[in-house]
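Engineer: This is the structure I have questions about; it appears just below.
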Amino acid sequence: MNIKELHTQEKPVSAISLFKSELGNATAIKILQGEKLKEHITRTPALLICMEGEVIFENEKGKKETLMPGDYINIEPMVKHWVEGTVESQLILIK
């Protein structure tokens with residue numbers, strides 16, 4: 001299988017469960033160019049990995065990082081954050 005095949009609809013932001021267990025999960029996320037994963041908070045630490053494309057990750061503490069293929073960022077729990085696609089992008093979120 002290929003991660004791109006999971007997202008069958010052209011939604012601005014698409015999130016599909018890739019793997020789940022009692023210890024954690026992984027989610028495949030697709031963000032179209034110019035679209036934004038709206039502000040939200042995670043209750044647990046998370047790891048966001050850019051597989052394809054380019055996104056800008058920002059949080060309420062003023063952190064701003066551009067992620068390109070192979071780049072990743074650790075997401076702090078209980079800190080509001082958001083992600084914007086500068087081009088169509090494929091991401092993996094691990095919690």
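Each chain in the structure tokens gets a letter, A, B and so on, in the order shown; residues start at 1 in every chain, and ligands are counted from 1 in the order they appear.
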Using only C-alpha atoms, which protein or nucleic acid residues come within 7 Å of Leu67 of chain A? Drop anything in the same chain fewer than 4 positions from it, and give the result as a ChimeraX atom specification.
Structural biologist: /A:50,54-56,71-72
Engineer: Counting only C-alpha atoms, what is within 7 Å of segment 42-44 of chain A, bar same-chain residues fewer than 2 positions away, as a list in words?
Structural biologist: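 My reading of the contact set: His40, Ala46, Pro77, Met78 and Lys95 of chain A.
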Engineer: When distances are computed from only C-alpha atoms, which of A:Pro45, A:Gly53, A:Gly70, A:Pro12 shows the smallest separation from Gly24 of chain A?
Structural biologist: A:Pro45
Engineer: Where does DSSP see helix (DSSP H, G or I) in chain A, if you list the residues as a CSV table (one decimal) with N, CA and C atoms, in the first residue's frame?
Structural biologist:
chain,number,residue,atom,x,y,z
A,3,ILE,N,0.7,5.5,1.1
A,3,ILE,CA,0.0,6.4,1.9
A,3,ILE,C,-0.9,7.3,1.1
A,4,LYS,N,-0.4,7.7,-0.1
A,4,LYS,CA,-1.2,8.6,-0.9
A,4,LYS,C,-2.6,7.9,-1.3
A,5,GLU,N,-2.6,6.6,-1.3
A,5,GLU,CA,-3.9,5.9,-1.7
A,5,GLU,C,-4.9,5.9,-0.6
A,6,LEU,N,-4.6,6.3,0.6
A,6,LEU,CA,-5.5,6.4,1.7
A,6,LEU,C,-6.5,7.5,1.5
Engineer: Excluding Asn25 of chain A and its own-chain neighbours fewer than 5 positions away, which residues fall within 9 Å of it when counting only C-alpha atoms? Please give them as a ChimeraX atom specification.
Structural biologist: /A:17-20,93-95
Engineer: Report, in Å with one decimal, the straight-line distance from atom CA of Trp82 of chain A to atom CA of Gly34 of chain A.
Structural biologist: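 For atom CA of Trp82 of chain A relative to atom CA of Gly34 of chain A, the distance reads 13.1 Å.
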Engineer: If we count only C-alpha atoms and set the cut-off at 12 Å, which residues sit around Asn2 of chain A, ignoring sequence neighbours fewer than 6 positions away in its own chain? Please answer as a tab-separated table (two decimals) with N, CA and C atoms, in the first residue's frame.
Structural biologist:
chain	number	residue	atom	x	y	z
A	8	THR	N	-8.78	9.38	-0.53
A	8	THR	CA	-9.51	9.21	-1.79
A	8	THR	C	-10.30	10.45	-2.19
A	18	LEU	N	-3.87	5.18	10.38
A	18	LEU	CA	-2.93	4.30	9.71
A	18	LEU	C	-2.65	3.08	10.57
A	28	ALA	N	-2.29	9.19	9.04
A	28	ALA	CA	-1.83	9.78	7.78
A	28	ALA	C	-2.63	11.05	7.55
A	51	MET	N	6.31	13.61	5.01
A	51	MET	CA	6.70	12.57	4.05
A	51	MET	C	6.89	13.15	2.65
A	90	GLN	N	1.97	15.35	2.44
A	90	GLN	CA	1.61	14.11	3.13
A	90	GLN	C	2.41	14.07	4.43
Engineer: Using DSSP assignments from the backbone, pull out every residue in chain A that falls under strand (DSSP E) and give it to me as an MDAnalysis selection string.
Structural biologist: chainID A and resid 13:21 24:31 36:40 46:52 55:59 64:67 72:75 81:85 89:94
Engineer: Any idea what the distance is between atom CA of Lys64 of chain A and atom CA of Val13 of chain A?
Structural biologist: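 It comes out at 19.7 Å.
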Engineer: Figure out the distance between atom CA of Lys61 of chain A and atom CA of Ala15 of chain A, please, to one decimal in Å.
Structural biologist: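 Atom CA of Lys61 of chain A lies at a distance of 24.8 Å from atom CA of Ala15 of chain A.
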Engineer: I need the residue nearest Val79 of chain A from this list: A:Ile16, A:Ser21, A:Ile41, A:Gln9. Use only C-alpha atoms for the distance.
Structural biologist: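 Between A:Ile16, A:Ser21, A:Ile41, A:Gln9, the residue approaching Val79 of chain A most closely is A:Ile41.
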Engineer: Applying 8 Å and only C-alpha atoms, which residues near Ile73 of chain A remain after dropping the ones on its own chain fewer than 3 positions away? List them as a list of chain:residue names.
Structural biologist: A:Leu47, A:Leu48, A:Ile49
